[in-house]
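Working notes for the structure below.
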Amino acid sequence: MQINLSNAVKFESRHNGPTEAEIAEMLEKIGASSLEELINQTVPESIQLTRPLDLPKAKLESEFLADFKVLASKNKVFKSFIGLGYYDTIVPGVILRNVLENPGWYTAYTPYQAEIAQGRLEALINFQTVVMELTGMELANASLLDEGTAAAEAMTMLHAVKPREKKNANRYFVDEKVFPQTKALLVTRAEPIGIELVFGPISSLDLTDPELYGVMFQYPNGDGAISDYSSIVAAAKENKVLTAFASDLLALTLLTSPGEMGADVVVGSAQRFGVPMGYGGPHAGFFATKEEFKRQIPGRIIGVSIDRAGNKAYRMALQTREQHIKREKATSNICTAQVLLSVMASFYAVYHGPKGLKNIALRAHGLAKLTATALSKVGLNVADHAFFDTIQIKMNEVSRERVRGLALGANMNFRYETDSIFISFDETKSLEDVKSIVNIFATEEGKHTLNLDELVEGLQLELPAALARKSDYLTHPVFNNYHSEHEMLRYIKRLENKDLSLVHSMISLGSCTMKLNATAEMIPVTWPEFGQLHPFAPMDQT
């Protein structure tokens, strides 16, 4: 028998399902003698490419992954303290392996076949519950693309539901401390529909302006500051102006919810609930609002019914404004959701439960507070506003550049603005990181670093009374029963077994991208060289 030394299994023979015999059978059935003839019958000759494709030699899957790992290694994964809506997070191993890396969850991606996707719908209703209870709102959808697009949907929805007295108003005020990527997206989405955006400090907000229909706040804001907006929201209601909050789910485990302040819409990102930064996405955005606006909410909402046998059944309660239903009349499309990632975030909340989430939040806040206290003792000008996880150190340009050099030398990325350095903490950071940060600033100031032990002992949560959360959240048994890994594993598998994905059969509708990706193409998604990159990391690291 002749030995062929190059007879390795090719990618296409593994990934393209039909065999030569099956292809021939299909061609015979449709009356074509070859694939070339089928293409000639299908694609007009006038648009066919006549020259051969100049492609490099195809790689084996193992060769591709080895070469791609070399390419990935060119990224420098520094510890990120940049913040601005993107934070490092720990993906629990039970969720990483059994959801993100599991084709039972990632190939179906979105529940188009709702009646036979009961497991996915249950995970999504958990997501909606997390969002509603932490934001203090009456209704939440099953996710959007990210925080920026959710904020844009809030802007357009509030424009559609504005009171009769404001029917000609087209002005939307956006606090200047809203995250920059969100502001940029608002500009893009406002222009074609004639909404006039006004950016400025909240002190410049004129709620009596007859042209003003809506206001947007960031809570906590881009500087890390947290404020009580209750009086502004109350004044807005008196003036028939609607209010939107962009908020942080982890912060809301400690802070008064926007719903309790009277917000009309709350949006944000579920990224820090166990979804890697991934150089900016994708992430699951969330959108929560009042019951009265349910017919205008974008995307889809999962509801609960009773089937004819009296059993609980999940369903698509609303799929509003979607392209495949309303076609040219749609103002939203079928790709608005990030179902896989919202499922991950919901399992993260189930796994940690209310106490676990609160402990993660307390730790991030405690590290920030410890750093702020220590830097103040070193003699630095730390902003004295209330904060959750982000501190602001005011410094001149020369000092900032010296700190930048020292931080880069320690493989740390801070955020540098005109007159300040910002440092944001998350669940991956530690006391050792605080010591390194304090040492960097002490070195720049020419002072000895501090012994932090005494400061750690006296660390307490001290928020302004109006901002300290008093309401309960996540009291449902699902958030309180699965905190050991084996119980969580069984819960995930129980839901997976009540679902339909490519591990069960061909999927008849939608979901094209995920089900057509080969495993070799998916593996790099979980590499830290991609997953742990902050989108605002310096370009020479990316």
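Convention: chains lettered A, B, ... in structure tokens order; per-chain residue numbering from 1; ligands numbered from 1 as shown.
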
Fill in: DSSP-assigned alpha helix (DSSP H) members of region 193-330 of chain A, reported as JSON, numbers by chain
{"A": [230, 231, 232, 233, 234, 235, 236, 237, 238, 258, 259, 260, 261, 323, 324, 325, 326]}

Residues from last step as file, N, CA and C atoms, as a compact mmCIF listing (two decimals), in the first residue's frame:
```
# COMPACT_ATOMS: atom_id res chain seq x y z
N SER A 230 -32.38 61.77 43.17
CA SER A 230 -33.82 61.74 43.46
C SER A 230 -34.49 63.09 43.24
N SER A 231 -33.88 64.16 43.72
CA SER A 231 -34.52 65.47 43.60
C SER A 231 -34.57 65.93 42.15
N ILE A 232 -33.52 65.61 41.37
CA ILE A 232 -33.51 65.99 39.95
C ILE A 232 -34.59 65.21 39.21
N VAL A 233 -34.71 63.91 39.52
CA VAL A 233 -35.72 63.09 38.85
C VAL A 233 -37.13 63.59 39.20
N ALA A 234 -37.34 63.95 40.46
CA ALA A 234 -38.65 64.47 40.87
C ALA A 234 -38.97 65.76 40.14
N ALA A 235 -37.97 66.65 40.02
CA ALA A 235 -38.17 67.91 39.29
C ALA A 235 -38.42 67.63 37.81
N ALA A 236 -37.75 66.63 37.26
CA ALA A 236 -37.95 66.26 35.85
C ALA A 236 -39.40 65.82 35.63
N LYS A 237 -39.92 65.01 36.55
CA LYS A 237 -41.31 64.54 36.41
C LYS A 237 -42.28 65.72 36.41
N GLU A 238 -42.03 66.70 37.29
CA GLU A 238 -42.90 67.87 37.34
C GLU A 238 -42.90 68.63 36.02
N PRO A 258 -31.69 52.90 40.82
CA PRO A 258 -32.28 54.00 40.06
C PRO A 258 -33.82 53.97 40.11
N GLY A 259 -34.39 52.76 40.16
CA GLY A 259 -35.85 52.67 40.26
C GLY A 259 -36.38 53.35 41.50
N GLU A 260 -35.64 53.21 42.61
CA GLU A 260 -36.05 53.86 43.85
C GLU A 260 -35.88 55.37 43.78
N MET A 261 -35.06 55.85 42.84
CA MET A 261 -34.93 57.29 42.62
C MET A 261 -35.97 57.82 41.63
N GLN A 323 -37.16 42.98 12.97
CA GLN A 323 -37.06 43.06 11.52
C GLN A 323 -37.75 41.90 10.82
N HIS A 324 -37.66 40.68 11.39
CA HIS A 324 -38.23 39.54 10.69
C HIS A 324 -39.76 39.50 10.81
N ILE A 325 -40.33 40.38 11.66
CA ILE A 325 -41.78 40.43 11.81
C ILE A 325 -42.34 41.65 11.06
N LYS A 326 -41.75 42.82 11.32
CA LYS A 326 -42.31 44.07 10.79
C LYS A 326 -41.55 44.59 9.57
```

Fill in: Residues within 9 Å of Asn141 (chain A), only C-alpha atoms, excluding chain neighbours under 3 positions, as a VMD selection string
chain A and resid 124 to 125 127 to 128 131 144 286 to 289 297 to 302

Worksheet entry | Nearby residues (only C-alpha atoms) at most 10 Å from Glu292 (chain A), same-chain spacing under 3 positions excluded, as a list of chain:residue names |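 In the requested form, the answer reads A:Glu138, A:Leu139, A:Val161, A:Asp264, A:Thr289, A:Arg295, A:Gln296, A:Ile297.
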
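We find CA of Gln113 (chain A) and CA of Thr526 (chain A) to be spaced 27.7 Å apart.
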
Discussion item. At a cut-off of 9 Å, using only C-alpha atoms, what residues contact region 303-305 of chain A? Leave out same-chain residues fewer than 2 positions from it and give the result as a PyMOL selection string.
Written reply: chain A and resi 121+125+301+307+311-318

With N, CA and C atoms retained, export the selected residues as a tab-separated table (two decimals), in the first residue's frame.
```tsv
chain	number	residue	atom	x	y	z
A	121	LEU	N	-34.70	29.63	27.90
A	121	LEU	CA	-35.66	30.64	28.36
A	121	LEU	C	-35.63	30.79	29.88
A	125	ILE	N	-34.92	34.22	31.80
A	125	ILE	CA	-35.83	34.84	32.77
A	125	ILE	C	-35.08	35.11	34.07
A	301	ILE	N	-38.73	39.82	25.37
A	301	ILE	CA	-38.99	39.61	26.79
A	301	ILE	C	-39.48	38.18	26.98
A	307	ASP	N	-48.99	25.55	30.70
A	307	ASP	CA	-49.41	24.78	29.53
A	307	ASP	C	-50.71	24.03	29.82
A	311	ASN	N	-48.55	22.69	33.70
A	311	ASN	CA	-47.13	22.87	34.02
A	311	ASN	C	-46.65	24.26	33.63
A	312	LYS	N	-45.65	24.72	34.33
A	312	LYS	CA	-45.05	26.02	34.01
A	312	LYS	C	-44.37	25.94	32.65
A	313	ALA	N	-44.58	26.94	31.81
A	313	ALA	CA	-43.96	26.97	30.48
A	313	ALA	C	-43.46	28.37	30.19
A	314	TYR	N	-42.21	28.45	29.75
A	314	TYR	CA	-41.64	29.75	29.39
A	314	TYR	C	-41.97	30.04	27.93
A	315	ARG	N	-42.09	31.34	27.63
A	315	ARG	CA	-42.46	31.71	26.26
A	315	ARG	C	-41.81	33.04	25.91
A	316	MET	N	-41.77	33.33	24.64
A	316	MET	CA	-41.41	34.68	24.19
A	316	MET	C	-42.64	35.55	24.38
A	317	ALA	N	-42.64	36.37	25.41
A	317	ALA	CA	-43.82	37.19	25.70
A	317	ALA	C	-43.95	38.32	24.69
A	318	LEU	N	-42.84	38.95	24.36
A	318	LEU	CA	-42.84	40.05	23.39
A	318	LEU	C	-41.58	39.97	22.54
```

Worksheet item: Which polymer residues have any atom within 9 Å of an atom of Gln541 (chain A), counting only C-alpha atoms, with same-chain residues fewer than 4 positions away left out, as a ChimeraX atom specification?
Response: /A:74-78,533,537

Produce a file of the selected residues containing C-alpha atoms, as a compact mmCIF listing (two decimals), in the first residue's frame.
```txt
# COMPACT_ATOMS: atom_id res chain seq x y z
CA LYS A 74 1.98 39.78 20.59
CA ASN A 75 -0.77 41.21 22.84
CA LYS A 76 0.49 42.32 26.25
CA VAL A 77 -2.00 41.46 28.98
CA PHE A 78 -1.38 44.11 31.68
CA LEU A 533 -7.70 43.03 26.94
CA ALA A 537 -5.48 49.66 26.64
```

Item to complete: Please provide the set of residues having any atom within 9 Å of region 484-493 of chain A, restricted to only C-alpha atoms, with same-chain residues fewer than 2 positions apart removed, written as a PyMOL selection string.
Response: chain A and resi 93-95+98-99+119+123+347+350-351+481-482+495-498

Selection to disk with N, CA and C atoms, as a short mmCIF file (atom, residue, chain, number, x, y, z; two decimals), in the first residue's frame:
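out_26.cif written:
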```cif
data_model
loop_
_atom_site.label_atom_id
_atom_site.label_comp_id
_atom_site.auth_asym_id
_atom_site.auth_seq_id
_atom_site.Cartn_x
_atom_site.Cartn_y
_atom_site.Cartn_z
N GLY A 93 -15.21 28.44 36.75
CA GLY A 93 -14.86 27.31 35.90
C GLY A 93 -16.07 26.50 35.47
N VAL A 94 -17.06 26.35 36.34
CA VAL A 94 -18.24 25.56 36.01
C VAL A 94 -19.05 26.22 34.90
N ILE A 95 -18.98 27.56 34.79
CA ILE A 95 -19.67 28.29 33.73
C ILE A 95 -18.81 28.34 32.47
N ASN A 98 -18.91 24.65 31.02
CA ASN A 98 -20.23 24.07 30.72
C ASN A 98 -21.19 25.00 29.99
N VAL A 99 -20.79 26.27 29.80
CA VAL A 99 -21.64 27.19 29.04
C VAL A 99 -20.84 27.80 27.88
N GLY A 119 -34.89 25.42 28.49
CA GLY A 119 -33.73 25.65 29.36
C GLY A 119 -33.15 27.04 29.15
N ALA A 123 -32.97 30.34 31.78
CA ALA A 123 -31.76 31.11 32.07
C ALA A 123 -31.97 32.59 31.78
N PHE A 347 -26.17 32.85 35.03
CA PHE A 347 -25.61 31.74 35.80
C PHE A 347 -24.60 32.26 36.84
N VAL A 350 -26.68 33.33 39.68
CA VAL A 350 -27.21 32.16 40.37
C VAL A 350 -26.13 31.52 41.23
N TYR A 351 -24.92 31.39 40.67
CA TYR A 351 -23.81 30.71 41.35
C TYR A 351 -23.36 31.47 42.60
N ASN A 481 -29.84 28.46 45.93
CA ASN A 481 -29.77 27.00 46.06
C ASN A 481 -28.59 26.34 45.36
N TYR A 482 -27.83 27.07 44.54
CA TYR A 482 -26.84 26.42 43.68
C TYR A 482 -25.44 27.01 43.86
N LEU A 495 -30.94 22.45 32.61
CA LEU A 495 -31.48 23.41 31.64
C LEU A 495 -31.03 23.05 30.22
N GLU A 496 -29.77 22.64 30.08
CA GLU A 496 -29.28 22.26 28.75
C GLU A 496 -30.10 21.11 28.17
N ASN A 497 -30.51 20.17 29.02
CA ASN A 497 -31.27 19.01 28.55
C ASN A 497 -32.70 19.37 28.15
N LYS A 498 -33.15 20.58 28.54
CA LYS A 498 -34.50 21.03 28.15
C LYS A 498 -34.43 22.00 26.98
#
```

Worksheet entry | CA of Leu450 (chain A) to CA of Asn396 (chain A), distance in Å rounded to a single decimal |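 Separating CA of Leu450 (chain A) from CA of Asn396 (chain A) is a distance of 22.7 Å.
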
Worksheet item: What residues in region 190-286 of chain A get the DSSP label strand (DSSP E or B)? Please answer as an NGL selection string.
Response: :A and (196-200 or 212-219 or 225 or 242-248 or 255 or 265-269 or 285-286)

Quick one: write out the picked residues with N, CA and C atoms as a tab-separated table (two decimals), in the first residue's frame?
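What landed in result03.tsv:
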```
chain	number	residue	atom	x	y	z
A	196	GLU	N	-31.75	66.27	19.08
A	196	GLU	CA	-30.67	67.20	19.40
A	196	GLU	C	-30.06	66.83	20.74
A	197	LEU	N	-28.80	66.45	20.72
A	197	LEU	CA	-28.11	66.07	21.95
A	197	LEU	C	-27.44	67.29	22.58
A	198	VAL	N	-27.55	67.39	23.90
A	198	VAL	CA	-26.85	68.44	24.65
A	198	VAL	C	-26.00	67.75	25.72
A	199	PHE	N	-24.68	67.92	25.64
A	199	PHE	CA	-23.77	67.38	26.65
A	199	PHE	C	-23.33	68.49	27.58
A	200	GLY	N	-23.30	68.21	28.87
A	200	GLY	CA	-22.86	69.23	29.80
A	200	GLY	C	-22.89	68.73	31.22
A	212	LEU	N	-36.93	70.16	25.82
A	212	LEU	CA	-36.25	69.03	26.45
A	212	LEU	C	-37.25	67.92	26.76
A	213	TYR	N	-36.97	66.69	26.24
A	213	TYR	CA	-37.87	65.57	26.54
A	213	TYR	C	-37.23	64.52	27.44
A	214	GLY	N	-35.88	64.49	27.51
A	214	GLY	CA	-35.24	63.44	28.30
A	214	GLY	C	-33.87	63.82	28.81
A	215	VAL	N	-33.45	63.11	29.88
A	215	VAL	CA	-32.15	63.34	30.52
A	215	VAL	C	-31.50	61.99	30.79
A	216	MET	N	-30.18	61.92	30.63
A	216	MET	CA	-29.47	60.68	30.93
A	216	MET	C	-28.34	60.92	31.91
A	217	PHE	N	-28.26	60.06	32.95
A	217	PHE	CA	-27.19	60.11	33.94
A	217	PHE	C	-26.38	58.80	33.89
A	218	GLN	N	-25.14	58.86	34.36
A	218	GLN	CA	-24.34	57.65	34.58
A	218	GLN	C	-24.17	57.49	36.09
A	219	TYR	N	-24.47	56.26	36.59
A	219	TYR	CA	-24.52	56.04	38.04
A	219	TYR	C	-23.93	54.67	38.37
A	225	ALA	N	-17.78	58.89	40.59
A	225	ALA	CA	-18.60	59.52	41.64
A	225	ALA	C	-20.02	58.96	41.64
A	242	LEU	N	-38.48	62.94	30.87
A	242	LEU	CA	-38.22	61.54	31.21
A	242	LEU	C	-36.74	61.33	31.53
A	243	THR	N	-36.45	60.32	32.35
A	243	THR	CA	-35.07	60.13	32.82
A	243	THR	C	-34.56	58.72	32.53
A	244	ALA	N	-33.31	58.65	32.10
A	244	ALA	CA	-32.62	57.37	31.85
A	244	ALA	C	-31.34	57.33	32.66
A	245	PHE	N	-31.06	56.18	33.23
A	245	PHE	CA	-29.82	55.95	33.98
A	245	PHE	C	-29.01	54.88	33.27
A	246	ALA	N	-27.71	55.10	33.12
A	246	ALA	CA	-26.79	54.01	32.76
A	246	ALA	C	-26.13	53.60	34.07
A	247	SER	N	-26.22	52.32	34.40
A	247	SER	CA	-25.77	51.91	35.73
A	247	SER	C	-24.96	50.62	35.67
A	248	ASP	N	-24.47	50.21	36.85
A	248	ASP	CA	-23.55	49.09	37.01
A	248	ASP	C	-24.20	48.08	37.95
A	255	LEU	N	-25.73	50.00	46.29
A	255	LEU	CA	-26.27	51.35	46.14
A	255	LEU	C	-27.79	51.35	45.97
A	265	VAL	N	-36.03	54.65	32.75
A	265	VAL	CA	-35.30	53.57	32.07
A	265	VAL	C	-33.94	53.42	32.76
A	266	VAL	N	-33.48	52.17	32.87
A	266	VAL	CA	-32.12	51.91	33.36
A	266	VAL	C	-31.44	50.95	32.37
A	267	VAL	N	-30.25	51.33	31.92
A	267	VAL	CA	-29.50	50.49	30.98
A	267	VAL	C	-28.10	50.24	31.53
A	268	GLY	N	-27.38	49.34	30.89
A	268	GLY	CA	-26.01	49.08	31.31
A	268	GLY	C	-25.48	47.81	30.68
A	269	SER	N	-24.38	47.33	31.23
A	269	SER	CA	-23.73	46.12	30.73
A	269	SER	C	-23.66	45.08	31.85
A	285	GLY	N	-25.81	43.67	27.01
A	285	GLY	CA	-26.37	44.89	27.57
A	285	GLY	C	-27.69	44.58	28.24
A	286	PHE	N	-28.13	45.43	29.18
A	286	PHE	CA	-29.45	45.24	29.77
A	286	PHE	C	-30.29	46.50	29.61
```

Worksheet item: What separation in Å, quoted to one decimal, exists between CA of Ile39 (chain A) and CA of Lys10 (chain A)?
Response: 23.1 Å
